[in-house]
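Heads up: the structure comes next, in structure tokens.
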Amino acid sequence: MNVPRTLAWAALDEGDPVASRARRPLSTALLNLLPIVILVGAVSADRFGIRWHGVNLRLELIAAVVLAVWAFVTWRVAAVHVGVVEWCLAGWLAVGAFSSVVFSPAQRDSLRLTLLLVGMVALYGVTVVFLRSRADLVRAAVVWITLGTLVAMIGIVDAILYALLGTHLGIAFDGTAYGTLVVYAPRVTSTLWEANIFGSYMLIVWALAFALNLSPAARTPGRAWALRIAMAAATAGIVISTTRVVWVVAPLMMLGMLAVALQRGLFARRKRLADFINPSLAGIAIGLALATAMSVVDCPMTTSTSSQPAAVTPVVGAGPAPAAANPTVGPGCVKGGSVFMQHSRGFFAAASTSSFTGRLKIAQQALKGWLHRPVLGYGSGSYSYVFGAAAGGWLGNLPLHILFDTGIVGFILLLVALVAAGRAAFRALGAAAPTRPSPASGGGTSPWEPAHYVLFGLVAAGLALLATYEFTDGTWLGFTWVFLGMLVAGGRLTKRVGQRLRSA
């Protein structure tokens, strides 16, 4: 990452009351950027942690503690605005703690997971604290794009090494039974917890890169090419994650952002449409080549293998990241067809895949269990404690997970927090609506600043994440909360900017 150029994005918000920060010495600007780098870097590597007395201290939790102390020492918390979002999140955590103590069959474990969620929400808090200007928001987006591109590149390298050498670094395997065979599909995780999470994370990288690429400030050759490379890498990451729900959601998000950009006049149809098409096609081509080259592993059914094997994802945060299995060393195991073809067939025969049938059974059982305690739920992460590990271990559906853990009370509190965050962001974008482009220009004469383009990308990625979290819940993941912090901070920092600029 070119740090001086990253800092230079801040100078583009001329209407910012604290835009003078952009003209401060480089050392001061670097100090302001450091917390953002620590935050995004830690949540982008959530597979890693430090083992201490049998406890896995995840890097993102360590970052939350360090930056919280930093915020208190530097007295940044004095200017924190506590609004509806913060009160609702605090209430949701309180409900989870109460239900864990009163209703959970494993009170100690549920309280430990509640404490983990407190750490996740702390990441949201420190994000809001350290994003004190629109310049900071743009810098955070550039840092996320930069580190996200690196995560995508690592995933691409992992896929290449598996295809060529059979190494399992950054690779996990999902098993599905077909008659007397178990087919293990390699899935790229890169530096993240699992392949589904890697794919969801790439949605954010693509959305932010595309949104910033629309900004007039990004039309220098260097910045334009850097953002195109990020879009291509993120698209390739989405493909090699072999996550079917992300394969569906990603094109909808991309086309939706393109439609809004064209409708709002964020760029001319002919002149800059290639900035959307070319990086995306390049990423798809790279991803398809790698996913086709990656082979599944066919192993004979053994007595120790379940008749319906499925990769059971442990509760995130309950221990170290799951190690990738090594089915190729088993007796009689041979490489089969490509993982792309194997996962593509799942679109047309979803009911026959262990992933779909397993999630469906878990959802049905969880819904029946919630109906027995609908108001306050059973406590944090209590599904496996109520029904036992044999029932599936975890709830992948976000609404059902919240209902089961904290009941309708916790669900309403979290829903209000999300609606309040989204409403502020939509209102900020609507208050500074761009105009239609003129024939002689490359885009509209827009009151949007770079921070508005970042907020546009955050809103699009947020809607996409809500869709993917219907299948893989992300409340246990640090990047979800840093992302939410950026969305809330963006909505607040850009409030009424467009109205002020138009009236000037």
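So you can find residues: chains in the structure tokens are A, B, ... in the order shown, residues in each start at 1, and ligands are numbered from 1 in order.
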Can you list, as an MDAnalysis selection string, every protein, DNA or RNA residue that comes within 10 Å of A:Ala106 when you count only C-alpha atoms, leaving out same-chain residues fewer than 5 positions away? chainID A and resid 100:101 111 378:382 384:386
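Nearest-residue note for A:Gly91: choosing from A:Ser215, A:Thr180, A:Thr472, A:Thr406, the minimum distance belongs to A:Thr406, counting only C-alpha atoms.
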A:Met153, A:Ala420, A:Ala207, A:Met301 ranked by distance to A:Cys333, top pick (using only C-alpha atoms): A:Met301
Using only C-alpha atoms: which of A:Leu137, A:Leu33, A:Leu258, A:Ala185 has the shortest distance to A:Val296: A:Ala185
Write out as a ChimeraX atom specification the set of residues from stretch 87-235 of chain A that DSSP, computed on the backbone, places in helix (DSSP H, G or I). /A:87-102,107-130,134-165,195-213,216-218,221-235
